[in-house]
Amino acid sequence: MQAQIKRMNEVGDTVFLTPTPLLSYEELVLKSLGSNTYRGFHRKNNNCLGASHSFRDILTKKKDYLIHALNNLTSEIELNTLANELCSELKSELSKNIKPLQLQSFNKVRKPVDIVFEHFVAMGEDFAPARKTATPSLFLPLDSQIFQSEFIFTAQEAKALGIKRRFTYKDIETAQHYADIQNFLKEKIAKIGLNHRIYFDLVWNKRFESNGTNLFLTNPSRNR
């Protein structure tokens, strides 16, 4: 376990704090979320625009605001507030053509937002200040691979947190359940010596085994 933690810290420090190459805001808006995530939002009318259009439209419109906000964060509480604000805007836009049941789970929209913020901070050419200040606050995107990891959640920890191995991202239905998991992870990194909570994301597709120099290059075959 110690060898894995050491490797995760080495790869994490490279891809989150000193990444190369950097990418433009526009490229990250296009590439941050994979088709699997968008397919999870079922449309009311298949002839009308789906989730990918809503996400990209809002993120594009809010470019200047999000760059400024992420670069000037002073706390995890501020990051959480910013993420929830963006989730509210996205839900309002998505509700135009996404079935209402699809938008009830807290983490259904929050996981994509957490991934986008992770990618902005870790790879965006506009986010140099945030790499130093926001990285410690980044929330771990919670999805099936994360829930299945016995490194991140032992059987005992998963049980205590109300997590089942078969969970997908939509199964974290409330803001409180999400917060309980994120707070637990913050405590766990202090115990095991992982530098930042977001470094747990390197377990996804075993990215910590890669020599990639930014997050995309640790996992060239697929996005989330």
# chains A, B, ... in the order shown; residues from 1 in each chain; ligands from 1
>>> residues_around(residues="segment 104-112 of chain A", least_positions_apart="6", cutoff="7 Å", atoms="only C-alpha atoms", output="list in words")
Leu33, Cys87, Pro141, Leu142, Tyr169, Lys170, Ile172, Glu173, Thr174 and Ala175 of chain A
>>> select_by_dssp(residues="segment 19-111 of chain A", states="alpha helix (DSSP H)", output="JSON, numbers by chain")
{"A": [25, 26, 27, 28, 29, 30, 31, 35, 36, 37, 38, 39, 51, 52, 53, 54, 55, 56, 57, 58, 59, 60, 61, 63, 64, 65, 66, 67, 68, 69, 70, 71, 76, 77, 78, 79, 80, 81, 82, 83, 84, 85, 86, 87, 88, 89, 90, 91, 92, 93, 94, 106, 107, 108, 109, 110, 111]}
>>> atom_distance(atom1="atom CA of Glu125 of chain A", atom2="atom CA of Phe139 of chain A")
20.4 Å
>>> residues_around(residues="Glu93 of chain A", least_positions_apart="4", cutoff="9 Å", atoms="only C-alpha atoms", output="list in words")
Ala51, Ser54, Phe55, Ile58, Ser88, Glu89, Asn97 and Ile98 of chain A
>>> write_last_selection(atoms="C-alpha atoms", output="tab-separated table (two decimals), in the first residue's frame")
chain	number	residue	atom	x	y	z
A	51	ALA	CA	-27.15	17.01	-22.19
A	54	SER	CA	-26.52	22.06	-22.26
A	55	PHE	CA	-23.20	21.45	-20.49
A	58	ILE	CA	-23.39	26.92	-20.05
A	88	SER	CA	-28.34	24.69	-10.33
A	89	GLU	CA	-27.83	26.48	-13.64
A	97	ASN	CA	-35.35	18.34	-22.49
A	98	ILE	CA	-34.13	15.89	-19.85
>>> residues_around(residues="Gln4 of chain A", least_positions_apart="6", cutoff="10 Å", atoms="only C-alpha atoms", output="list of chain:residue names")
A:Glu10, A:Phe151, A:Leu194, A:Val203, A:Phe208, A:Glu209
>>> residues_around(residues="segment 17-32 of chain A", least_positions_apart="4", cutoff="9 Å", atoms="only C-alpha atoms", output="PyMOL selection string")
chain A and resi 12-13+52+55-56+59-60+63+67+112+115-116+119-126+128+131-132+135+212-216+223-224
>>> closest_residue(among="A:Tyr38, A:Phe117, A:Phe200, A:Phe167", to="Lys188 of chain A", atoms="only C-alpha atoms")
A:Phe200
>>> residues_around(residues="segment 154-159 of chain A", least_positions_apart="6", cutoff="12 Å", atoms="only C-alpha atoms", output="compact mmCIF listing (two decimals) with C-alpha atoms, in the first residue's frame")
# COMPACT_ATOMS: atom_id res chain seq x y z
CA ILE A 146 -14.36 4.84 -7.30
CA PHE A 147 -17.03 2.92 -5.37
CA GLN A 148 -15.52 -0.42 -6.44
CA ARG A 165 -19.87 -1.73 -4.63
CA ARG A 166 -22.52 -1.76 -7.38
CA PHE A 167 -23.25 1.96 -6.96
CA ASP A 180 -20.09 12.67 4.28
CA ILE A 181 -18.05 10.78 1.65
CA PHE A 184 -14.25 10.98 5.04
CA LEU A 185 -11.81 11.06 2.10
CA LYS A 188 -8.30 9.39 5.09
>>> closest_residue(among="A:Asn84, A:Thr74, A:Ser149, A:Asn36", to="Thr133 of chain A", atoms="only C-alpha atoms")
A:Thr74
>>> atom_distance(atom1="atom CA of Gln102 of chain A", atom2="atom CA of Asn205 of chain A")
26.2 Å
